[in-house]
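Containing mmCIF, C-alpha atoms: work13.cif.
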```cif
data_input
#
loop_
_atom_site.label_atom_id
_atom_site.label_comp_id
_atom_site.auth_asym_id
_atom_site.auth_seq_id
_atom_site.Cartn_x
_atom_site.Cartn_y
_atom_site.Cartn_z
CA MET A 579 -14.23 24.07 4.13
CA SER A 580 -10.45 24.63 4.18
CA SER A 581 -10.47 24.62 7.99
CA GLU A 582 -11.68 20.99 7.91
CA ILE A 583 -8.46 19.96 6.24
CA ALA A 584 -6.46 21.01 9.32
CA LYS A 585 -7.06 17.66 11.03
CA PHE A 586 -5.18 15.92 8.20
CA ILE A 587 -2.04 18.04 8.53
CA ASP A 588 1.30 17.22 10.15
CA HIS A 589 2.76 20.75 10.34
CA THR A 590 6.35 20.09 9.41
CA LEU A 591 9.75 21.72 9.82
CA LEU A 592 12.79 19.51 9.19
CA LEU A 593 15.39 21.81 7.66
CA PRO A 594 18.91 21.44 9.10
CA ASN A 595 19.12 25.16 9.88
CA THR A 596 15.89 25.25 11.87
CA THR A 597 16.06 27.29 15.08
CA SER A 598 14.24 26.96 18.40
CA LYS A 599 12.36 30.17 17.65
CA GLU A 600 11.05 28.66 14.42
CA ILE A 601 9.91 25.56 16.30
CA GLU A 602 8.09 27.81 18.73
CA ARG A 603 6.28 29.47 15.83
CA LEU A 604 5.51 26.08 14.26
CA CYS A 605 3.87 24.89 17.47
CA GLU A 606 1.91 28.11 17.92
CA GLU A 607 0.56 27.80 14.37
CA ALA A 608 -0.34 24.15 14.99
CA LYS A 609 -2.32 25.08 18.09
CA GLU A 610 -4.00 28.02 16.42
CA HIS A 611 -5.19 26.06 13.41
CA GLY A 612 -5.83 22.71 15.04
CA PHE A 613 -3.34 20.68 13.03
CA PHE A 614 -3.18 16.99 13.87
CA ALA A 615 0.55 17.03 14.63
CA VAL A 616 3.84 18.82 14.25
CA CYS A 617 6.73 16.89 12.74
CA VAL A 618 10.20 17.93 13.92
CA ASN A 619 13.70 16.52 14.05
CA PRO A 620 14.59 14.51 17.19
CA TYR A 621 16.62 17.40 18.63
CA PHE A 622 13.42 19.46 18.96
CA VAL A 623 11.07 16.80 20.32
CA ARG A 624 11.40 17.85 23.94
CA GLN A 625 10.76 21.51 23.11
CA ALA A 626 7.73 20.69 20.96
CA VAL A 627 6.26 18.40 23.62
CA LYS A 628 6.53 21.18 26.20
CA LEU A 629 5.01 23.79 23.90
CA LEU A 630 2.08 21.56 22.94
CA SER A 631 1.42 20.00 26.34
CA SER A 632 -1.86 21.89 26.78
CA SER A 633 -3.12 21.17 23.25
CA LYS A 634 -4.51 18.24 21.28
CA THR A 635 -1.72 18.49 18.67
CA ALA A 636 0.59 15.47 18.66
CA VAL A 637 4.38 15.54 18.29
CA ALA A 638 5.90 13.41 15.55
CA THR A 639 9.57 12.95 14.81
CA VAL A 640 11.72 11.31 12.14
CA ILE A 641 13.93 8.23 12.37
CA GLY A 642 16.81 7.35 10.04
CA PHE A 643 16.13 10.66 8.33
CA PRO A 644 16.53 11.53 5.53
CA LEU A 645 18.62 8.77 3.90
CA GLY A 646 17.31 5.71 5.72
CA GLN A 647 20.63 3.91 5.70
CA ASN A 648 21.31 3.83 9.42
CA LEU A 649 21.58 0.28 10.71
CA PRO A 650 18.42 -1.22 12.23
CA ASP A 651 19.78 -1.13 15.78
CA ILE A 652 20.37 2.61 15.43
CA LYS A 653 16.85 3.21 14.14
CA ILE A 654 15.47 1.22 17.05
CA ALA A 655 17.57 3.19 19.54
CA GLU A 656 16.46 6.47 17.93
CA THR A 657 12.85 5.37 18.25
CA GLN A 658 13.19 4.42 21.90
CA LYS A 659 14.85 7.74 22.72
CA ALA A 660 12.23 9.71 20.80
CA ILE A 661 9.40 8.00 22.68
CA PHE A 662 11.22 8.65 25.97
CA GLU A 663 11.48 12.34 25.02
CA GLY A 664 7.71 12.45 24.50
CA ALA A 665 7.19 11.86 20.77
CA GLU A 666 3.79 10.36 20.05
CA GLU A 667 4.36 9.40 16.42
CA ILE A 668 7.36 8.05 14.51
CA ASP A 669 8.12 8.68 10.82
CA MET A 670 10.88 6.24 9.79
CA VAL A 671 12.74 6.04 6.48
CA ILE A 672 13.24 2.61 4.95
CA ASN A 673 16.60 1.46 3.62
CA VAL A 674 15.98 2.08 -0.08
CA ALA A 675 19.25 0.37 -1.03
CA ALA A 676 18.17 -2.84 0.71
CA LEU A 677 14.80 -2.70 -1.05
CA LYS A 678 16.42 -2.25 -4.46
CA ASP A 679 18.80 -5.13 -3.72
CA GLY A 680 15.80 -7.35 -3.15
CA GLN A 681 16.50 -7.71 0.57
CA HIS A 682 12.83 -7.78 1.44
CA ASP A 683 13.23 -9.68 4.69
CA TYR A 684 15.74 -7.09 5.85
CA VAL A 685 13.38 -4.21 5.06
CA ARG A 686 10.41 -5.93 6.69
CA GLU A 687 12.29 -6.83 9.86
CA GLU A 688 13.81 -3.37 10.18
CA ILE A 689 10.33 -1.84 10.06
CA ARG A 690 9.05 -4.45 12.51
CA GLY A 691 11.88 -3.59 14.90
CA VAL A 692 10.90 0.08 14.90
CA VAL A 693 7.21 -0.78 15.31
CA ARG A 694 8.04 -2.91 18.35
CA ALA A 695 10.26 -0.20 19.81
CA ALA A 696 7.47 2.34 19.36
CA LYS A 697 5.06 0.07 21.23
CA ASP A 698 1.57 1.53 20.92
CA HIS A 699 2.70 4.68 19.11
CA MET A 700 1.92 5.36 15.46
CA VAL A 701 4.70 4.40 13.03
CA LYS A 702 4.66 5.88 9.53
CA VAL A 703 7.02 4.24 7.05
CA ILE A 704 8.59 6.58 4.48
CA ILE A 705 9.19 4.57 1.31
CA GLU A 706 10.63 7.51 -0.71
CA CYS A 707 8.56 7.16 -3.88
CA ASP A 708 10.80 9.46 -5.94
CA LEU A 709 13.54 6.80 -5.85
CA LEU A 710 11.34 3.78 -6.59
CA THR A 711 9.67 2.12 -9.55
CA ASP A 712 5.94 1.44 -9.29
CA GLU A 713 6.72 -2.21 -8.56
CA GLU A 714 9.09 -1.21 -5.75
CA LYS A 715 6.52 1.20 -4.31
CA THR A 716 3.99 -1.62 -4.18
CA THR A 717 6.50 -3.99 -2.61
CA ALA A 718 7.62 -1.45 0.00
CA THR A 719 4.03 -0.69 0.94
CA LYS A 720 3.21 -4.36 1.36
CA LEU A 721 6.32 -4.91 3.50
CA ALA A 722 5.29 -2.02 5.76
CA VAL A 723 1.82 -3.51 6.13
CA GLU A 724 3.27 -6.95 6.95
CA ALA A 725 5.57 -5.39 9.54
CA GLY A 726 2.69 -3.77 11.42
CA ALA A 727 3.12 -0.13 10.43
CA GLY A 728 0.24 2.26 11.02
CA MET A 729 0.86 4.30 7.89
CA VAL A 730 2.95 4.36 4.75
CA LYS A 731 4.35 7.71 3.64
CA THR A 732 5.33 8.91 0.19
CA SER A 733 8.44 11.02 0.71
CA THR A 734 11.03 12.68 2.88
CA GLY A 735 11.01 15.75 0.65
CA PHE A 736 14.81 15.63 0.47
CA VAL A 737 15.23 13.98 -2.96
CA LYS A 738 16.76 16.51 -5.34
CA ASP A 739 14.28 17.48 -8.08
CA GLY A 740 11.79 15.01 -6.61
CA LYS A 741 8.07 15.29 -7.30
CA GLY A 742 7.08 14.61 -3.71
CA ALA A 743 3.53 13.42 -3.09
CA THR A 744 1.46 12.62 -6.18
CA VAL A 745 -2.10 11.43 -6.63
CA GLU A 746 -0.81 8.50 -8.67
CA ASP A 747 1.47 7.29 -5.89
CA VAL A 748 -1.25 7.61 -3.27
CA LYS A 749 -3.58 5.51 -5.42
CA LEU A 750 -0.84 2.94 -5.97
CA MET A 751 -0.15 2.69 -2.25
CA LYS A 752 -3.86 2.44 -1.48
CA ALA A 753 -4.18 -0.48 -3.88
CA ALA A 754 -1.16 -2.20 -2.30
CA ILE A 755 -2.63 -1.78 1.19
CA GLY A 756 -5.83 -3.51 0.13
CA GLY A 757 -8.14 -4.16 3.04
CA ALA A 758 -5.54 -3.59 5.75
CA LYS A 759 -6.22 -0.83 8.27
CA VAL A 760 -3.15 1.18 7.31
CA GLY A 761 -3.21 4.89 6.52
CA ILE A 762 -1.35 6.87 3.88
CA LYS A 763 0.63 10.03 4.57
CA ALA A 764 1.23 12.14 1.49
CA SER A 765 4.27 14.30 2.07
CA ALA A 766 6.43 16.86 0.22
CA GLY A 767 5.45 19.41 -2.40
CA ILE A 768 2.01 20.11 -0.93
CA ARG A 769 1.72 23.88 -1.00
CA ASP A 770 -1.93 24.73 -1.64
CA TYR A 771 -5.45 23.62 -0.78
CA GLU A 772 -6.22 22.14 -4.20
CA LYS A 773 -3.20 19.83 -4.14
CA ALA A 774 -3.93 18.84 -0.55
CA GLN A 775 -7.56 18.02 -1.29
CA SER A 776 -6.67 16.03 -4.42
CA LEU A 777 -4.37 13.81 -2.33
CA ILE A 778 -7.08 13.26 0.29
CA ASP A 779 -9.56 12.40 -2.45
CA ALA A 780 -7.04 9.85 -3.78
CA GLY A 781 -6.83 8.15 -0.38
CA ALA A 782 -4.37 10.07 1.79
CA THR A 783 -5.33 10.07 5.47
CA ARG A 784 -2.58 12.48 6.55
CA LEU A 785 -0.61 15.27 4.88
CA GLY A 786 2.97 16.21 5.69
CA THR A 787 3.57 19.83 4.77
CA SER A 788 5.23 23.02 5.92
CA ALA A 789 2.53 25.00 4.12
CA GLY A 790 -0.31 24.10 6.48
CA VAL A 791 -1.18 27.71 7.26
CA ALA A 792 -1.43 28.61 3.57
CA ILE A 793 -3.51 25.50 2.90
CA VAL A 794 -6.13 26.24 5.55
CA HIS A 795 -6.30 29.85 4.36
CA GLY A 796 -6.83 28.74 0.77
CA THR A 797 -3.66 30.43 -0.47
CA LYS A 798 -0.45 29.03 -1.92
CA ALA A 799 2.94 28.89 -0.24
CA VAL A 800 5.73 29.99 -2.56
CA GLN A 801 8.09 27.42 -1.09
CA GLY A 802 7.63 24.84 1.64
CA ALA A 803 10.16 24.09 4.38
CA TYR A 804 11.22 20.96 2.51
#
```

Render the structure in this file as structure tokens.
Amino acid sequence: MSSEIAKFIDHTLLLPNTTSKEIERLCEEAKEHGFFAVCVNPYFVRQAVKLLSSSKTAVATVIGFPLGQNLPDIKIAETQKAIFEGAEEIDMVINVAALKDGQHDYVREEIRGVVRAAKDHMVKVIIECDLLTDEEKTTATKLAVEAGAGMVKTSTGFVKDGKGATVEDVKLMKAAIGGAKVGIKASAGIRDYEKAQSLIDAGATRLGTSAGVAIVHGTKAVQGAY
């Protein structure tokens, strides 16, 4: 049963001290276990694409990560470069400050700009639930849907003392999506099979975790790469 969960997993390594050797191991694990994707920083996209060229595992990368406060033109340029380098999926961080200031048009148009730059590639919008009220989570999710995103995502995993992905947030995001064909990526703090399955049961269609190997083996990772 745990092997079935592999197709939900974006095998993730985004630490600033990550090495090429660790990326190589990440990609080998992704191929071995049949994970849906690896998620790496832009610097490692080219390496990951080469390592996974003979597999079905996709390469995802992050944009405006982890703070989200790059200007829209920079996020668009990052996206274009990542696609050029071979990334197949884009995980972008919204500007949380703009959202909290009520600049909803700004947030929506920034997401739309990245979606356009990504063309036909999947864009996942990280709304950073740990920094938002429930009302703001709902608003951010709806803005991402309006802007044409393919998924909304709970977290970067970089908020100090953050909870990361929770069942409650996934349910809230699912309700905000309504009938739109938009997925939900639960990310951060997912270190065992039980937590992973509870998030899928709540409505998550993808999981971002560095503990993918432990999850498919039914064990628990002491600490994830986040």

Might you pull out every residue within 8 Å of Lys702 (chain A), with all atoms listed in the file counted and same-chain residues fewer than 4 positions away left off, and present them as a list of chain:residue names? A:Glu667, A:Ile668, A:Asp669, A:Met670, A:Ala727, A:Gly728, A:Met729, A:Val730, A:Lys731, A:Lys763

Expected selection from the PyMOL selection byres ((chain A and resi 781) around 12), given as a ChimeraX atom specification: /A:586,729-731,743-756,760-764,774-780,782-785

At a cut-off of 10 Å, using all atoms listed in the file, what residues contact Tyr621 (chain A)? Leave out same-chain residues fewer than 4 positions from it and give the result as number ranges by chain. A: 598, 625-626, 639, 660, 663

Selected by the PyMOL selection byres ((chain A and resi 623) around 12) in the shown coordinates: which residues, as an mmCIF file with C-alpha atoms, in the coordinates of the input?
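Result file part.cif:
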```cif
data_model
loop_
_atom_site.group_PDB
_atom_site.id
_atom_site.type_symbol
_atom_site.label_atom_id
_atom_site.label_comp_id
_atom_site.auth_asym_id
_atom_site.auth_seq_id
_atom_site.Cartn_x
_atom_site.Cartn_y
_atom_site.Cartn_z
ATOM 1 C CA LEU A 591 9.750 21.720 9.820
ATOM 2 C CA LEU A 592 12.790 19.510 9.190
ATOM 3 C CA SER A 598 14.240 26.960 18.400
ATOM 4 C CA ILE A 601 9.910 25.560 16.300
ATOM 5 C CA GLU A 602 8.090 27.810 18.730
ATOM 6 C CA CYS A 605 3.870 24.890 17.470
ATOM 7 C CA ALA A 615 0.550 17.030 14.630
ATOM 8 C CA VAL A 616 3.840 18.820 14.250
ATOM 9 C CA CYS A 617 6.730 16.890 12.740
ATOM 10 C CA VAL A 618 10.200 17.930 13.920
ATOM 11 C CA ASN A 619 13.700 16.520 14.050
ATOM 12 C CA PRO A 620 14.590 14.510 17.190
ATOM 13 C CA TYR A 621 16.620 17.400 18.630
ATOM 14 C CA PHE A 622 13.420 19.460 18.960
ATOM 15 C CA ARG A 624 11.400 17.850 23.940
ATOM 16 C CA GLN A 625 10.760 21.510 23.110
ATOM 17 C CA ALA A 626 7.730 20.690 20.960
ATOM 18 C CA VAL A 627 6.260 18.400 23.620
ATOM 19 C CA LYS A 628 6.530 21.180 26.200
ATOM 20 C CA LEU A 629 5.010 23.790 23.900
ATOM 21 C CA LEU A 630 2.080 21.560 22.940
ATOM 22 C CA SER A 631 1.420 20.000 26.340
ATOM 23 C CA ALA A 636 0.590 15.470 18.660
ATOM 24 C CA VAL A 637 4.380 15.540 18.290
ATOM 25 C CA ALA A 638 5.900 13.410 15.550
ATOM 26 C CA THR A 639 9.570 12.950 14.810
ATOM 27 C CA VAL A 640 11.720 11.310 12.140
ATOM 28 C CA GLU A 656 16.460 6.470 17.930
ATOM 29 C CA THR A 657 12.850 5.370 18.250
ATOM 30 C CA LYS A 659 14.850 7.740 22.720
ATOM 31 C CA ALA A 660 12.230 9.710 20.800
ATOM 32 C CA ILE A 661 9.400 8.000 22.680
ATOM 33 C CA PHE A 662 11.220 8.650 25.970
ATOM 34 C CA GLU A 663 11.480 12.340 25.020
ATOM 35 C CA GLY A 664 7.710 12.450 24.500
ATOM 36 C CA ALA A 665 7.190 11.860 20.770
ATOM 37 C CA GLU A 666 3.790 10.360 20.050
ATOM 38 C CA GLU A 667 4.360 9.400 16.420
ATOM 39 C CA ILE A 668 7.360 8.050 14.510
#
```

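Residues with any atom within 10 Å of Glu706 (chain A), counting only C-alpha atoms and excluding same-chain neighbours fewer than 2 positions away, are Pro644, Leu645, Gly646, Val671, Ile672, Asn673, Val674, Val703, Ile704, Asp708, Leu709, Leu710, Lys715, Ala718, Val730, Lys731, Thr732, Ser733, Thr734, Gly735, Phe736, Val737, Gly740, Gly742, Ala743 and Ser765 of chain A.
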
Selection above as a file: C-alpha atoms, as a compact mmCIF listing (two decimals), in the frame of the given file:
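Contents of out22.txt, freshly written:
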```
# COMPACT_ATOMS: atom_id res chain seq x y z
CA PRO A 644 16.53 11.53 5.53
CA LEU A 645 18.62 8.77 3.90
CA GLY A 646 17.31 5.71 5.72
CA VAL A 671 12.74 6.04 6.48
CA ILE A 672 13.24 2.61 4.95
CA ASN A 673 16.60 1.46 3.62
CA VAL A 674 15.98 2.08 -0.08
CA VAL A 703 7.02 4.24 7.05
CA ILE A 704 8.59 6.58 4.48
CA ASP A 708 10.80 9.46 -5.94
CA LEU A 709 13.54 6.80 -5.85
CA LEU A 710 11.34 3.78 -6.59
CA LYS A 715 6.52 1.20 -4.31
CA ALA A 718 7.62 -1.45 0.00
CA VAL A 730 2.95 4.36 4.75
CA LYS A 731 4.35 7.71 3.64
CA THR A 732 5.33 8.91 0.19
CA SER A 733 8.44 11.02 0.71
CA THR A 734 11.03 12.68 2.88
CA GLY A 735 11.01 15.75 0.65
CA PHE A 736 14.81 15.63 0.47
CA VAL A 737 15.23 13.98 -2.96
CA GLY A 740 11.79 15.01 -6.61
CA GLY A 742 7.08 14.61 -3.71
CA ALA A 743 3.53 13.42 -3.09
CA SER A 765 4.27 14.30 2.07
```

Just give me the gap between CA of Pro650 (chain A) and CA of Ala676 (chain A) in Å, one decimal is fine. 11.6 Å

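Within 12 Å of the point (-11.1, 19.1, 11.6) in file coordinates, and counting all atoms listed in the file, lie the residues Met579, Ser580, Ser581, Glu582, Ile583, Ala584, Lys585, Phe586, Ile587, His611, Gly612, Phe613, Phe614, Lys634, Thr635, Arg784 and Val794 of chain A.
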
CA of Asn595 (chain A) to CA of Gln647 (chain A): how many Å, to one decimal? 21.7 Å

Just so the selection is clear, what residues does the PyMOL selection byres ((chain A and resi 798) around 9) cover here, as number ranges by chain? A: 769-771, 789, 792-793, 795-797, 799-801

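In this structure, CA of Ile652 (chain A) sits 28.8 Å away from CA of Lys741 (chain A).
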
Which polymer residues have any atom within 12 Å of an atom of Asp683 (chain A), counting all atoms listed in the file, with same-chain residues fewer than 5 positions away left out, as a ChimeraX atom specification? /A:673,676-677,688-691,717-718,720-722,724-725

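Nearest-residue note for Val791 (chain A): choosing from A:Cys707, A:Ala608, A:Val685, A:Ile654, the minimum distance belongs to A:Ala608, counting only C-alpha atoms.
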
Pick from A:Thr787, A:Glu713, A:Ala655, A:Asp739: nearest to Ala695 (chain A), with only C-alpha atoms counted? A:Ala655

Can you put N, CA and C atoms back into region 611-640 of chain A and show it as a compact mmCIF listing (two decimals), in the coordinates of the input?
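Output contents, as saved in rebuild_4.txt:
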```
# COMPACT_ATOMS: atom_id res chain seq x y z
N HIS A 611 -4.39 26.59 14.51
CA HIS A 611 -5.19 26.06 13.41
C HIS A 611 -5.72 24.65 13.64
N GLY A 612 -5.33 24.04 14.74
CA GLY A 612 -5.83 22.71 15.04
C GLY A 612 -5.26 21.60 14.17
N PHE A 613 -3.97 21.73 13.82
CA PHE A 613 -3.34 20.68 13.03
C PHE A 613 -3.22 19.40 13.85
N PHE A 614 -3.23 18.27 13.16
CA PHE A 614 -3.18 16.99 13.87
C PHE A 614 -1.87 16.84 14.64
N ALA A 615 -0.76 17.22 14.00
CA ALA A 615 0.55 17.03 14.63
C ALA A 615 1.53 18.06 14.12
N VAL A 616 2.64 18.19 14.82
CA VAL A 616 3.84 18.82 14.25
C VAL A 616 4.84 17.70 14.01
N CYS A 617 5.67 17.88 13.00
CA CYS A 617 6.73 16.89 12.74
C CYS A 617 8.07 17.62 12.75
N VAL A 618 8.93 17.23 13.70
CA VAL A 618 10.20 17.93 13.92
C VAL A 618 11.33 16.91 14.01
N ASN A 619 12.54 17.39 13.86
CA ASN A 619 13.70 16.52 14.05
C ASN A 619 13.83 16.13 15.53
N PRO A 620 14.50 14.99 15.81
CA PRO A 620 14.59 14.51 17.19
C PRO A 620 15.13 15.54 18.19
N TYR A 621 16.04 16.38 17.75
CA TYR A 621 16.62 17.40 18.63
C TYR A 621 15.55 18.31 19.24
N PHE A 622 14.45 18.51 18.50
CA PHE A 622 13.42 19.46 18.96
C PHE A 622 12.20 18.79 19.59
N VAL A 623 12.24 17.49 19.77
CA VAL A 623 11.07 16.80 20.32
C VAL A 623 10.70 17.33 21.70
N ARG A 624 11.67 17.42 22.57
CA ARG A 624 11.40 17.85 23.94
C ARG A 624 10.78 19.24 23.96
N GLN A 625 11.31 20.16 23.16
CA GLN A 625 10.76 21.51 23.11
C GLN A 625 9.32 21.50 22.61
N ALA A 626 9.07 20.74 21.54
CA ALA A 626 7.73 20.69 20.96
C ALA A 626 6.73 20.08 21.94
N VAL A 627 7.14 19.04 22.63
CA VAL A 627 6.26 18.40 23.62
C VAL A 627 5.85 19.41 24.69
N LYS A 628 6.82 20.17 25.16
CA LYS A 628 6.53 21.18 26.20
C LYS A 628 5.58 22.25 25.67
N LEU A 629 5.83 22.72 24.46
CA LEU A 629 5.01 23.79 23.90
C LEU A 629 3.58 23.34 23.61
N LEU A 630 3.41 22.06 23.33
CA LEU A 630 2.08 21.56 22.94
C LEU A 630 1.38 20.78 24.05
N SER A 631 1.93 20.82 25.24
CA SER A 631 1.42 20.00 26.34
C SER A 631 -0.04 20.30 26.69
N SER A 632 -0.48 21.52 26.44
CA SER A 632 -1.86 21.89 26.78
C SER A 632 -2.78 21.84 25.57
N SER A 633 -2.32 21.23 24.48
CA SER A 633 -3.12 21.17 23.25
C SER A 633 -3.39 19.73 22.85
N LYS A 634 -4.21 19.57 21.81
CA LYS A 634 -4.51 18.24 21.28
C LYS A 634 -3.55 17.85 20.15
N THR A 635 -2.66 18.75 19.76
CA THR A 635 -1.72 18.49 18.67
C THR A 635 -0.64 17.53 19.12
N ALA A 636 -0.43 16.48 18.34
CA ALA A 636 0.59 15.47 18.66
C ALA A 636 1.96 15.93 18.18
N VAL A 637 3.01 15.30 18.73
CA VAL A 637 4.38 15.54 18.29
C VAL A 637 4.90 14.29 17.58
N ALA A 638 5.28 14.48 16.33
CA ALA A 638 5.90 13.41 15.55
C ALA A 638 7.36 13.76 15.30
N THR A 639 8.17 12.71 15.15
CA THR A 639 9.57 12.95 14.81
C THR A 639 10.02 11.92 13.78
N VAL A 640 11.21 12.14 13.23
CA VAL A 640 11.72 11.31 12.14
C VAL A 640 12.86 10.41 12.62
```
